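Student: TSV, C-alpha atoms, saved as entry14.tsv, coming up:
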chain	number	residue	atom	x	y	z
A	1	MET	CA	10.61	-21.10	51.26
A	2	ASN	CA	11.93	-17.72	50.18
A	3	ILE	CA	13.47	-17.13	46.79
A	4	LEU	CA	14.43	-14.20	44.60
A	5	LEU	CA	12.25	-14.14	41.48
A	6	ASN	CA	13.46	-11.66	38.88
A	7	GLY	CA	15.22	-9.77	41.62
A	8	GLU	CA	12.26	-9.58	44.02
A	9	GLY	CA	11.83	-11.57	47.20
A	10	ARG	CA	8.98	-14.10	47.03
A	11	GLU	CA	7.60	-16.75	49.32
A	12	THR	CA	6.64	-19.86	47.41
A	13	ARG	CA	5.30	-23.34	47.98
A	14	ALA	CA	6.53	-24.53	44.59
A	15	ALA	CA	8.82	-27.53	44.81
A	16	THR	CA	10.23	-27.23	41.30
A	17	LEU	CA	10.91	-24.55	38.76
A	18	ALA	CA	8.01	-25.80	36.64
A	19	ASP	CA	5.70	-25.51	39.66
A	20	LEU	CA	6.93	-21.98	40.29
A	21	LEU	CA	6.12	-20.85	36.74
A	22	ALA	CA	2.60	-22.25	37.06
A	23	GLU	CA	2.14	-20.80	40.55
A	24	GLN	CA	3.21	-17.32	39.43
A	25	GLY	CA	1.12	-17.42	36.26
A	26	PHE	CA	3.82	-16.96	33.68
A	27	GLY	CA	2.91	-17.33	30.00
A	28	PRO	CA	4.39	-20.08	27.83
A	29	LYS	CA	6.97	-17.94	26.02
A	30	VAL	CA	9.64	-17.68	28.70
A	31	ALA	CA	13.17	-18.90	29.34
A	32	THR	CA	14.58	-19.61	32.76
A	33	ALA	CA	17.77	-19.55	34.78
A	34	ARG	CA	18.53	-20.68	38.31
A	35	ASN	CA	21.39	-19.10	40.25
A	36	GLY	CA	22.89	-17.73	37.03
A	37	ASP	CA	22.70	-20.95	35.02
A	38	PHE	CA	20.31	-21.57	32.14
A	39	VAL	CA	17.63	-24.18	32.84
A	40	PRO	CA	16.17	-25.59	29.59
A	41	ALA	CA	12.41	-25.94	29.49
A	42	GLY	CA	12.73	-29.72	29.52
A	43	LEU	CA	14.54	-29.68	32.86
A	44	ARG	CA	12.23	-27.33	34.76
A	45	ALA	CA	10.11	-30.10	36.22
A	46	ALA	CA	13.22	-31.87	37.49
A	47	THR	CA	14.77	-28.70	38.90
A	48	THR	CA	13.96	-28.54	42.59
A	49	LEU	CA	14.03	-25.19	44.34
A	50	ALA	CA	16.01	-24.39	47.46
A	51	ASP	CA	15.70	-21.57	49.93
A	52	GLY	CA	17.53	-18.50	48.66
A	53	ASP	CA	17.53	-19.54	45.01
A	54	ARG	CA	17.78	-16.75	42.46
A	55	ILE	CA	15.36	-17.46	39.63
A	56	GLU	CA	15.25	-15.47	36.41
A	57	VAL	CA	12.28	-15.72	34.04
A	58	VAL	CA	12.76	-13.82	30.81
A	59	ALA	CA	10.56	-13.25	27.78
A	60	PRO	CA	10.88	-11.74	24.29
A	61	MET	CA	11.30	-8.00	24.54
A	62	GLN	CA	12.13	-5.01	22.38
A	63	GLY	CA	15.78	-4.83	21.41
A	64	GLY	CA	18.25	-3.13	19.11
B	1	MET	CA	21.13	-9.55	-0.98
B	2	PRO	CA	23.21	-10.38	2.09
B	3	VAL	CA	23.94	-13.98	2.98
B	4	PHE	CA	24.51	-14.79	6.64
B	5	TYR	CA	25.49	-18.33	7.56
B	6	ASP	CA	24.14	-19.69	4.26
B	7	THR	CA	20.83	-17.88	4.72
B	8	THR	CA	19.95	-15.28	2.11
B	9	VAL	CA	18.11	-12.33	3.62
B	10	ASP	CA	15.62	-10.34	1.56
B	11	SER	CA	16.87	-6.90	2.56
B	12	ALA	CA	20.14	-5.27	3.55
B	13	LEU	CA	18.30	-3.28	6.19
B	14	MET	CA	18.27	-4.81	9.66
B	15	LEU	CA	16.01	-3.02	12.10
B	16	GLY	CA	15.72	-3.00	15.87
B	17	THR	CA	12.40	-3.25	17.68
B	18	ALA	CA	13.05	-0.96	20.66
B	19	GLN	CA	11.96	2.55	21.62
B	20	TYR	CA	8.99	2.97	19.25
B	21	PRO	CA	6.13	5.15	20.47
B	22	SER	CA	3.70	2.22	20.22
B	23	PRO	CA	3.45	-1.36	18.95
B	24	ALA	CA	1.37	-0.13	16.01
B	25	ILE	CA	4.08	2.33	14.99
B	26	LEU	CA	6.70	-0.39	15.34
B	27	ALA	CA	4.70	-2.57	12.94
B	28	ALA	CA	4.19	0.34	10.53
B	29	ALA	CA	7.93	1.05	10.52
B	30	PHE	CA	8.70	-2.56	9.66
B	31	ARG	CA	6.17	-2.51	6.83
B	32	ALA	CA	7.77	0.64	5.44
B	33	ALA	CA	11.33	-0.65	5.86
B	34	ARG	CA	10.67	-4.15	4.58
B	35	ALA	CA	13.55	-5.06	6.87
B	36	GLY	CA	14.94	-8.55	6.44
B	37	ILE	CA	15.98	-9.02	10.04
B	38	ALA	CA	14.47	-7.80	13.32
B	39	THR	CA	16.58	-7.64	16.45
B	40	VAL	CA	14.97	-8.47	19.77
B	41	SER	CA	16.12	-8.96	23.35
B	42	LEU	CA	15.33	-10.99	26.44
B	43	ARG	CA	14.20	-9.25	29.58
B	44	ARG	CA	12.54	-10.19	32.82
B	45	GLU	CA	8.93	-11.08	32.11
B	46	GLN	CA	6.73	-8.41	33.63
B	47	GLY	CA	3.63	-9.08	31.62
B	48	GLY	CA	4.46	-7.70	28.19
B	49	GLY	CA	6.54	-10.48	26.72
B	50	GLN	CA	3.77	-12.67	25.41
B	51	ASP	CA	2.05	-9.89	23.46
B	52	PHE	CA	5.36	-8.65	22.10
B	53	TRP	CA	6.14	-12.12	20.81
B	54	GLY	CA	2.88	-12.12	18.88
B	55	LEU	CA	3.75	-8.76	17.37
B	56	VAL	CA	7.26	-9.80	16.37
B	57	GLN	CA	6.03	-12.91	14.61
B	58	GLY	CA	3.94	-10.73	12.32
B	59	LEU	CA	6.77	-8.44	11.22
B	60	GLY	CA	7.81	-10.62	8.30
B	61	ALA	CA	11.46	-10.51	9.32
B	62	ARG	CA	13.91	-13.11	10.58
B	63	ILE	CA	14.54	-12.82	14.31
B	64	LEU	CA	18.00	-11.97	15.60
B	65	PRO	CA	18.06	-12.02	19.40
B	66	ASN	CA	20.73	-9.99	21.14
B	67	THR	CA	22.68	-10.17	24.37
B	68	ALA	CA	22.35	-6.44	24.98
B	69	GLY	CA	23.42	-5.27	28.39
B	70	CYS	CA	25.66	-8.22	29.13
B	71	HIS	CA	29.01	-7.25	30.60
B	72	SER	CA	30.67	-10.64	31.02
B	73	VAL	CA	31.29	-13.82	29.04
B	74	LYS	CA	29.13	-15.80	31.47
B	75	GLU	CA	26.17	-13.44	31.20
B	76	ALA	CA	26.35	-13.31	27.42
B	77	VAL	CA	26.67	-17.08	27.00
B	78	THR	CA	23.78	-17.77	29.39
B	79	THR	CA	21.63	-15.17	27.63
B	80	ALA	CA	22.44	-16.77	24.29
B	81	HIS	CA	21.31	-20.14	25.59
B	82	MET	CA	18.01	-18.68	26.76
B	83	ALA	CA	17.58	-16.88	23.43
B	84	ARG	CA	18.18	-20.04	21.43
B	85	GLU	CA	15.45	-21.86	23.28
B	86	LEU	CA	13.02	-18.96	23.32
B	87	PHE	CA	13.35	-17.93	19.69
B	88	ASP	CA	14.26	-21.32	18.27
B	89	THR	CA	17.22	-19.92	16.35
B	90	ARG	CA	20.96	-20.49	16.32
B	91	TRP	CA	21.51	-16.84	15.44
B	92	ILE	CA	22.73	-14.56	18.21
B	93	LYS	CA	23.77	-10.93	18.05
B	94	LEU	CA	26.59	-11.08	20.55
B	95	GLU	CA	27.09	-7.96	22.61
B	96	VAL	CA	29.49	-7.89	25.51
B	97	ILE	CA	29.66	-4.34	26.76
B	98	GLY	CA	32.92	-3.09	28.17
B	99	HIS	CA	32.25	0.56	28.85
B	100	THR	CA	29.09	2.01	30.31
B	101	ASP	CA	29.17	5.49	28.78
B	102	THR	CA	30.20	4.61	25.24
B	103	LEU	CA	28.78	1.07	25.15
B	104	GLN	CA	32.01	0.01	23.50
B	105	PRO	CA	32.29	-3.76	23.30
B	106	ASP	CA	34.71	-5.57	25.60
B	107	VAL	CA	36.49	-7.12	22.65
B	108	PHE	CA	38.47	-9.58	24.75
B	109	ALA	CA	35.34	-11.01	26.36
B	110	LEU	CA	33.60	-10.83	22.99
B	111	VAL	CA	36.15	-13.10	21.33
B	112	GLU	CA	36.01	-15.54	24.25
B	113	ALA	CA	32.19	-15.66	24.22
B	114	ALA	CA	32.17	-16.04	20.43
B	115	ARG	CA	34.51	-19.03	20.70
B	116	ILE	CA	32.33	-20.72	23.31
B	117	LEU	CA	29.09	-20.10	21.45
B	118	THR	CA	30.41	-21.14	18.04
B	119	ALA	CA	31.63	-24.40	19.55
B	120	GLU	CA	28.12	-24.95	20.87
B	121	GLY	CA	26.58	-24.54	17.43
B	122	PHE	CA	25.54	-20.91	17.56
B	123	GLU	CA	25.83	-18.65	14.53
B	124	VAL	CA	27.30	-15.55	16.05
B	125	PHE	CA	26.81	-11.96	14.84
B	126	PRO	CA	29.37	-10.08	16.95
B	127	TYR	CA	28.87	-6.39	17.70
B	128	CYS	CA	32.49	-5.27	17.49
B	129	THR	CA	34.81	-2.42	16.66
B	130	GLU	CA	36.48	-2.01	13.27
B	131	ASP	CA	39.85	-3.11	14.66
B	132	LEU	CA	41.44	-5.47	12.14
B	133	THR	CA	43.10	-7.65	14.76
B	134	VAL	CA	39.95	-8.04	16.82
B	135	CYS	CA	37.95	-8.86	13.71
B	136	GLY	CA	40.53	-11.43	12.68
B	137	ARG	CA	40.26	-13.06	16.11
B	138	LEU	CA	36.49	-13.16	15.82
B	139	LEU	CA	36.79	-14.95	12.49
B	140	ASP	CA	39.31	-17.35	14.04
B	141	ALA	CA	36.75	-17.98	16.79
B	142	GLY	CA	34.29	-19.13	14.16
B	143	CYS	CA	32.26	-16.02	13.36
B	144	GLN	CA	31.21	-15.83	9.71
B	145	VAL	CA	29.87	-12.28	9.89
B	146	LEU	CA	31.20	-9.15	11.57
B	147	MET	CA	29.20	-6.18	12.82
B	148	PRO	CA	31.49	-3.22	13.51
B	149	TRP	CA	30.00	-0.07	14.96
B	150	GLY	CA	29.64	3.10	12.94
B	151	ALA	CA	29.46	5.18	16.12
B	152	PRO	CA	28.31	4.56	19.72
B	153	ILE	CA	24.92	2.86	20.06
B	154	GLY	CA	22.09	5.36	19.94
B	155	SER	CA	24.34	8.32	19.17
B	156	GLY	CA	23.28	8.90	15.57
B	157	LEU	CA	26.75	10.20	14.78
B	158	GLY	CA	27.06	8.12	11.62
B	159	ILE	CA	30.28	6.67	10.26
B	160	ASN	CA	32.91	7.86	12.75
B	161	ASN	CA	35.87	6.06	11.23
B	162	ALA	CA	35.31	5.75	7.51
B	163	TRP	CA	38.95	4.91	6.93
B	164	GLY	CA	38.82	2.05	9.44
B	165	LEU	CA	35.61	0.62	8.00
B	166	ARG	CA	37.01	0.83	4.47
B	167	ALA	CA	40.18	-0.92	5.61
B	168	LEU	CA	38.08	-3.67	7.22
B	169	ARG	CA	36.09	-4.10	4.02
B	170	ALA	CA	39.27	-4.33	1.98
B	171	HIS	CA	40.93	-6.69	4.44
B	172	PHE	CA	38.06	-9.18	4.54
B	173	PRO	CA	36.50	-8.96	1.08
B	174	ASP	CA	34.57	-12.23	1.41
B	175	VAL	CA	33.19	-11.85	4.93
B	176	PRO	CA	29.66	-10.45	5.31
B	177	LEU	CA	30.03	-7.11	7.08
B	178	VAL	CA	27.31	-5.08	8.76
B	179	VAL	CA	27.59	-1.57	10.14
B	180	ASP	CA	25.80	-1.91	13.44
B	181	ALA	CA	25.06	1.13	15.59
B	182	GLY	CA	25.53	4.85	15.25
B	183	ILE	CA	23.50	5.36	12.09
B	184	GLY	CA	21.44	8.54	12.44
B	185	LEU	CA	20.49	9.50	8.90
B	186	PRO	CA	19.82	7.78	5.58
B	187	SER	CA	23.03	9.34	4.25
B	188	HIS	CA	24.98	7.41	6.89
B	189	ALA	CA	23.32	4.16	5.84
B	190	ALA	CA	23.99	4.91	2.18
B	191	GLN	CA	27.62	5.68	2.98
B	192	ALA	CA	28.08	2.29	4.63
B	193	MET	CA	26.53	0.52	1.67
B	194	GLU	CA	28.57	2.56	-0.85
B	195	MET	CA	31.70	1.31	0.94
B	196	GLY	CA	30.66	-2.24	0.14
B	197	TYR	CA	29.10	-3.23	3.43
B	198	ASP	CA	26.54	-5.99	3.09
B	199	ALA	CA	23.94	-4.52	5.43
B	200	VAL	CA	23.28	-1.95	8.11
B	201	LEU	CA	21.62	-2.50	11.48
B	202	LEU	CA	19.88	0.45	13.07
B	203	ASN	CA	17.14	1.16	15.57
B	204	THR	CA	17.14	4.53	17.28
B	205	ALA	CA	17.33	6.54	14.04
B	206	VAL	CA	13.96	5.13	13.00
B	207	ALA	CA	12.29	4.66	16.38
B	208	LYS	CA	13.09	8.18	17.60
B	209	ALA	CA	12.25	9.99	14.36
B	210	GLY	CA	9.13	12.12	14.44
B	211	ASP	CA	7.63	9.80	11.84
B	212	PRO	CA	9.23	6.37	12.33
B	213	ALA	CA	7.53	4.78	9.32
B	214	GLY	CA	8.62	7.67	7.11
B	215	MET	CA	12.20	7.35	8.34
B	216	ALA	CA	12.08	3.59	7.90
B	217	ARG	CA	11.16	4.07	4.26
B	218	ALA	CA	13.94	6.64	3.84
B	219	MET	CA	16.45	4.20	5.32
B	220	ALA	CA	15.28	1.43	3.01
B	221	LEU	CA	15.71	3.68	-0.02
B	222	ALA	CA	19.16	4.78	1.16
B	223	VAL	CA	20.33	1.22	1.70
B	224	GLU	CA	19.10	0.24	-1.74
B	225	ALA	CA	20.73	3.28	-3.37
B	226	GLY	CA	24.00	2.73	-1.55
B	227	ARG	CA	24.16	-0.90	-2.58
B	228	ALA	CA	23.35	-0.07	-6.20
B	229	ALA	CA	26.07	2.57	-6.18
B	230	PHE	CA	28.64	0.13	-4.81
B	231	LEU	CA	27.76	-2.42	-7.49
B	232	ALA	CA	28.02	0.32	-10.15
B	233	ASP	CA	31.71	0.88	-9.22
B	234	PRO	CA	31.87	4.58	-8.21
B	235	MET	CA	34.39	6.95	-9.75
B	236	GLU	CA	37.52	7.86	-7.83
B	237	PRO	CA	37.41	11.34	-6.26
B	238	ARG	CA	40.10	13.80	-7.31
B	239	ASP	CA	41.31	17.09	-5.93
B	240	MET	CA	41.27	19.21	-9.08
B	241	ALA	CA	38.45	20.00	-11.47
B	242	ALA	CA	38.14	18.05	-14.70
B	243	PRO	CA	35.73	19.49	-17.29
B	244	SER	CA	32.92	17.13	-18.10
B	245	THR	CA	31.97	18.96	-21.26
B	246	PRO	CA	34.34	18.34	-24.21
B	247	VAL	CA	36.97	21.05	-24.67
B	248	ILE	CA	37.62	20.16	-28.29
B	249	GLY	CA	35.22	21.84	-30.68
B	250	LYS	CA	34.45	24.84	-28.51
B	251	ALA	CA	33.85	27.89	-30.71
B	252	PHE	CA	36.55	30.56	-30.56
B	253	LEU	CA	34.62	33.61	-29.35
B	254	ALA	CA	37.17	35.64	-27.45
Write the structure described by the file as structure tokens, please.
Tutor:
Amino acid sequence: MNILLNGEGRETRAATLADLLAEQGFGPKVATARNGDFVPAGLRAATTLADGDRIEVVAPMQGG
Amino acid sequence: MPVFYDTTVDSALMLGTAQYPSPAILAAAFRAARAGIATVSLRREQGGGQDFWGLVQGLGARILPNTAGCHSVKEAVTTAHMARELFDTRWIKLEVIGHTDTLQPDVFALVEAARILTAEGFEVFPYCTEDLTVCGRLLDAGCQVLMPWGAPIGSGLGINNAWGLRALRAHFPDVPLVVDAGIGLPSHAAQAMEMGYDAVLLNTAVAKAGDPAGMARAMALAVEAGRAAFLADPMEPRDMAAPSTPVIGKAFLA
């Protein structure tokens, strides 16, 4: 299945958002959104992915 | 010391974490500033987020995540949700940008986002203008602190509308007020504090100085001096001279 991960096209075999994070090797300190909606950490394993999903994975970053 | 949402903060200097030449210089600037609050953001994880989190935890400051770059209520609210989980805090510096060149807040969207987030238990620090009506609406929406700009973000122009900021201070004497953005020099920070503001939030003025740690220390001193001056009840300026040395008793030597 093809998704957009942080704005870039990716092919993935991950069935859920939790699987995707593990597959892509993200660190533990991230927050996630699917198709513009926040997905709490506790719901990632229950969030199944669909073709064309837009997934955002954000982390702490410098800010003013 | 400023109190935000029942939390007393150790310093009236709030410092951003962006644009420093290196992580080591960022840490040195925070040591020199002894800033009470550090602002941070959320961005797409491209490998640096985990290390940055480790650095931020060692700064000795409370974390205030922002919604920088958000242009809509939806974006800002979603970013706030992600920030609350990631940083484990109810605090959010709410930015909803309305104008690309000036980075002026979209005050209509700001009030709407503040209402939504407050209802959801967030403690909102709105980046706003000094407009009395807008600030009143933000308070109505549940905000218990206001952060009007001094000048456009990153401009270093200082206090552009001293009259407006003084009017805001006078109008809301019991609301914690922070001048956020536009500070370029310690004199600007001192000016804000002399006007009775509770804190200043700055970033670029320190990060882009030739010696960020040196400028951080200068800002800390200015904030402290400005606050002390406000508490000491400054004299009223006057247009004409008034001799400070006694006139009576002067020898007649003409």
Student: For chain B, list the residues within 8 Å of chain A, counting only C-alpha atoms, and write the list as an mmCIF file with C-alpha atoms, in the coordinates of the input.
Tutor:
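Result file is selection09.cif:
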data_model
loop_
_atom_site.group_PDB
_atom_site.id
_atom_site.type_symbol
_atom_site.label_atom_id
_atom_site.label_comp_id
_atom_site.auth_asym_id
_atom_site.auth_seq_id
_atom_site.Cartn_x
_atom_site.Cartn_y
_atom_site.Cartn_z
ATOM 1 C CA LEU B 15 16.010 -3.020 12.100
ATOM 2 C CA GLY B 16 15.720 -3.000 15.870
ATOM 3 C CA THR B 17 12.400 -3.250 17.680
ATOM 4 C CA ALA B 18 13.050 -0.960 20.660
ATOM 5 C CA GLN B 19 11.960 2.550 21.620
ATOM 6 C CA THR B 39 16.580 -7.640 16.450
ATOM 7 C CA VAL B 40 14.970 -8.470 19.770
ATOM 8 C CA SER B 41 16.120 -8.960 23.350
ATOM 9 C CA LEU B 42 15.330 -10.990 26.440
ATOM 10 C CA ARG B 43 14.200 -9.250 29.580
ATOM 11 C CA ARG B 44 12.540 -10.190 32.820
ATOM 12 C CA GLU B 45 8.930 -11.080 32.110
ATOM 13 C CA GLY B 48 4.460 -7.700 28.190
ATOM 14 C CA GLY B 49 6.540 -10.480 26.720
ATOM 15 C CA GLN B 50 3.770 -12.670 25.410
ATOM 16 C CA PHE B 52 5.360 -8.650 22.100
ATOM 17 C CA TRP B 53 6.140 -12.120 20.810
ATOM 18 C CA PRO B 65 18.060 -12.020 19.400
ATOM 19 C CA ASN B 66 20.730 -9.990 21.140
ATOM 20 C CA ALA B 68 22.350 -6.440 24.980
ATOM 21 C CA GLU B 75 26.170 -13.440 31.200
ATOM 22 C CA THR B 78 23.780 -17.770 29.390
ATOM 23 C CA THR B 79 21.630 -15.170 27.630
ATOM 24 C CA HIS B 81 21.310 -20.140 25.590
ATOM 25 C CA MET B 82 18.010 -18.680 26.760
ATOM 26 C CA ALA B 83 17.580 -16.880 23.430
ATOM 27 C CA GLU B 85 15.450 -21.860 23.280
ATOM 28 C CA LEU B 86 13.020 -18.960 23.320
ATOM 29 C CA LEU B 202 19.880 0.450 13.070
ATOM 30 C CA ASN B 203 17.140 1.160 15.570
ATOM 31 C CA THR B 204 17.140 4.530 17.280
#
Student: What gap, in Å, lies between atom CA of Ala151 of chain B and atom CA of Ala181 of chain B?
Tutor: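 We find that atom CA of Ala151 of chain B and atom CA of Ala181 of chain B lie 6.0 Å from each other.
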Student: Dump as a PyMOL selection string all residues having an atom at most 9 Å from (4.7, -16.3, 43.2), computed in the file's coordinates with all atoms listed in the file.
Tutor: chain A and resi 5+10-14+20-25
Student: Using the selection just defined, write its residues with C-alpha atoms as a compact mmCIF listing (two decimals), in the coordinates of the input.
Tutor:
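That gives us result_39.txt:
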# COMPACT_ATOMS: atom_id res chain seq x y z
CA LEU A 5 12.25 -14.14 41.48
CA ARG A 10 8.98 -14.10 47.03
CA GLU A 11 7.60 -16.75 49.32
CA THR A 12 6.64 -19.86 47.41
CA ARG A 13 5.30 -23.34 47.98
CA ALA A 14 6.53 -24.53 44.59
CA LEU A 20 6.93 -21.98 40.29
CA LEU A 21 6.12 -20.85 36.74
CA ALA A 22 2.60 -22.25 37.06
CA GLU A 23 2.14 -20.80 40.55
CA GLN A 24 3.21 -17.32 39.43
CA GLY A 25 1.12 -17.42 36.26
Student: Report the distance between atom CA of Gly36 of chain B and atom CA of Ala162 of chain B in Å, rounded to one decimal place.
Tutor: 24.9 Å
Student: Give as a list in words the set of residues within 12 Å of the point (22.3, -14.5, 2.5), where distances use the file's coordinates and only C-alpha atoms.
Tutor: Met1, Pro2, Val3, Phe4, Tyr5, Asp6, Thr7, Thr8, Val9, Asp10, Ser11, Ala12, Gly36, Ile37, Arg62, Gln144, Val145, Val175, Pro176, Leu177, Asp198 and Ala199 of chain B
Student: Write out N, CA and C atoms for segment 3-27 of chain A, as a PDB file, in the frame of the given file.
Tutor:
ATOM      1  N   ILE A   3      12.565 -17.188  47.933  1.00  0.00           N
ATOM      2  CA  ILE A   3      13.470 -17.130  46.790  1.00  0.00           C
ATOM      3  C   ILE A   3      13.503 -15.696  46.263  1.00  0.00           C
ATOM      4  N   LEU A   4      14.418 -15.461  45.337  1.00  0.00           N
ATOM      5  CA  LEU A   4      14.430 -14.200  44.600  1.00  0.00           C
ATOM      6  C   LEU A   4      13.936 -14.504  43.192  1.00  0.00           C
ATOM      7  N   LEU A   5      12.816 -13.925  42.814  1.00  0.00           N
ATOM      8  CA  LEU A   5      12.250 -14.140  41.480  1.00  0.00           C
ATOM      9  C   LEU A   5      12.377 -12.833  40.699  1.00  0.00           C
ATOM     10  N   ASN A   6      13.176 -12.875  39.659  1.00  0.00           N
ATOM     11  CA  ASN A   6      13.460 -11.660  38.880  1.00  0.00           C
ATOM     12  C   ASN A   6      13.839 -10.493  39.783  1.00  0.00           C
ATOM     13  N   GLY A   7      14.660 -10.796  40.760  1.00  0.00           N
ATOM     14  CA  GLY A   7      15.220  -9.770  41.620  1.00  0.00           C
ATOM     15  C   GLY A   7      14.352  -9.358  42.791  1.00  0.00           C
ATOM     16  N   GLU A   8      13.157  -9.960  42.922  1.00  0.00           N
ATOM     17  CA  GLU A   8      12.260  -9.580  44.020  1.00  0.00           C
ATOM     18  C   GLU A   8      12.033 -10.780  44.947  1.00  0.00           C
ATOM     19  N   GLY A   9      12.052 -10.506  46.231  1.00  0.00           N
ATOM     20  CA  GLY A   9      11.830 -11.570  47.200  1.00  0.00           C
ATOM     21  C   GLY A   9      10.411 -12.126  47.108  1.00  0.00           C
ATOM     22  N   ARG A  10      10.289 -13.451  47.106  1.00  0.00           N
ATOM     23  CA  ARG A  10       8.980 -14.100  47.030  1.00  0.00           C
ATOM     24  C   ARG A  10       8.960 -15.306  47.962  1.00  0.00           C
ATOM     25  N   GLU A  11       7.802 -15.523  48.566  1.00  0.00           N
ATOM     26  CA  GLU A  11       7.600 -16.750  49.320  1.00  0.00           C
ATOM     27  C   GLU A  11       6.833 -17.700  48.412  1.00  0.00           C
ATOM     28  N   THR A  12       7.292 -18.928  48.328  1.00  0.00           N
ATOM     29  CA  THR A  12       6.640 -19.860  47.410  1.00  0.00           C
ATOM     30  C   THR A  12       6.480 -21.239  48.054  1.00  0.00           C
ATOM     31  N   ARG A  13       5.462 -21.946  47.569  1.00  0.00           N
ATOM     32  CA  ARG A  13       5.300 -23.340  47.980  1.00  0.00           C
ATOM     33  C   ARG A  13       5.726 -24.277  46.864  1.00  0.00           C
ATOM     34  N   ALA A  14       6.158 -23.706  45.735  1.00  0.00           N
ATOM     35  CA  ALA A  14       6.530 -24.530  44.590  1.00  0.00           C
ATOM     36  C   ALA A  14       7.758 -25.375  44.916  1.00  0.00           C
ATOM     37  N   ALA A  15       7.696 -26.641  44.545  1.00  0.00           N
ATOM     38  CA  ALA A  15       8.820 -27.530  44.810  1.00  0.00           C
ATOM     39  C   ALA A  15       9.838 -27.485  43.667  1.00  0.00           C
ATOM     40  N   THR A  16       9.337 -27.237  42.465  1.00  0.00           N
ATOM     41  CA  THR A  16      10.230 -27.230  41.300  1.00  0.00           C
ATOM     42  C   THR A  16      10.064 -25.933  40.525  1.00  0.00           C
ATOM     43  N   LEU A  17      10.971 -25.748  39.589  1.00  0.00           N
ATOM     44  CA  LEU A  17      10.910 -24.550  38.760  1.00  0.00           C
ATOM     45  C   LEU A  17       9.636 -24.549  37.914  1.00  0.00           C
ATOM     46  N   ALA A  18       9.245 -25.712  37.425  1.00  0.00           N
ATOM     47  CA  ALA A  18       8.010 -25.800  36.640  1.00  0.00           C
ATOM     48  C   ALA A  18       6.807 -25.405  37.498  1.00  0.00           C
ATOM     49  N   ASP A  19       6.796 -25.864  38.747  1.00  0.00           N
ATOM     50  CA  ASP A  19       5.700 -25.510  39.660  1.00  0.00           C
ATOM     51  C   ASP A  19       5.674 -23.988  39.894  1.00  0.00           C
ATOM     52  N   LEU A  20       6.846 -23.420  40.023  1.00  0.00           N
ATOM     53  CA  LEU A  20       6.930 -21.980  40.290  1.00  0.00           C
ATOM     54  C   LEU A  20       6.324 -21.182  39.129  1.00  0.00           C
ATOM     55  N   LEU A  21       6.642 -21.573  37.903  1.00  0.00           N
ATOM     56  CA  LEU A  21       6.120 -20.850  36.740  1.00  0.00           C
ATOM     57  C   LEU A  21       4.592 -20.917  36.727  1.00  0.00           C
ATOM     58  N   ALA A  22       4.062 -22.092  37.042  1.00  0.00           N
ATOM     59  CA  ALA A  22       2.600 -22.250  37.060  1.00  0.00           C
ATOM     60  C   ALA A  22       2.003 -21.440  38.201  1.00  0.00           C
ATOM     61  N   GLU A  23       2.630 -21.513  39.370  1.00  0.00           N
ATOM     62  CA  GLU A  23       2.140 -20.800  40.550  1.00  0.00           C
ATOM     63  C   GLU A  23       2.090 -19.291  40.312  1.00  0.00           C
ATOM     64  N   GLN A  24       3.108 -18.775  39.629  1.00  0.00           N
ATOM     65  CA  GLN A  24       3.210 -17.320  39.430  1.00  0.00           C
ATOM     66  C   GLN A  24       2.486 -16.852  38.173  1.00  0.00           C
ATOM     67  N   GLY A  25       1.942 -17.800  37.405  1.00  0.00           N
ATOM     68  CA  GLY A  25       1.120 -17.420  36.260  1.00  0.00           C
ATOM     69  C   GLY A  25       1.866 -16.917  35.050  1.00  0.00           C
ATOM     70  N   PHE A  26       3.062 -17.383  34.860  1.00  0.00           N
ATOM     71  CA  PHE A  26       3.820 -16.960  33.680  1.00  0.00           C
ATOM     72  C   PHE A  26       3.223 -17.566  32.409  1.00  0.00           C
ATOM     73  N   GLY A  27       3.343 -16.828  31.297  1.00  0.00           N
ATOM     74  CA  GLY A  27       2.910 -17.330  30.000  1.00  0.00           C
ATOM     75  C   GLY A  27       3.889 -18.375  29.478  1.00  0.00           C
TER      76      GLY A  27
END
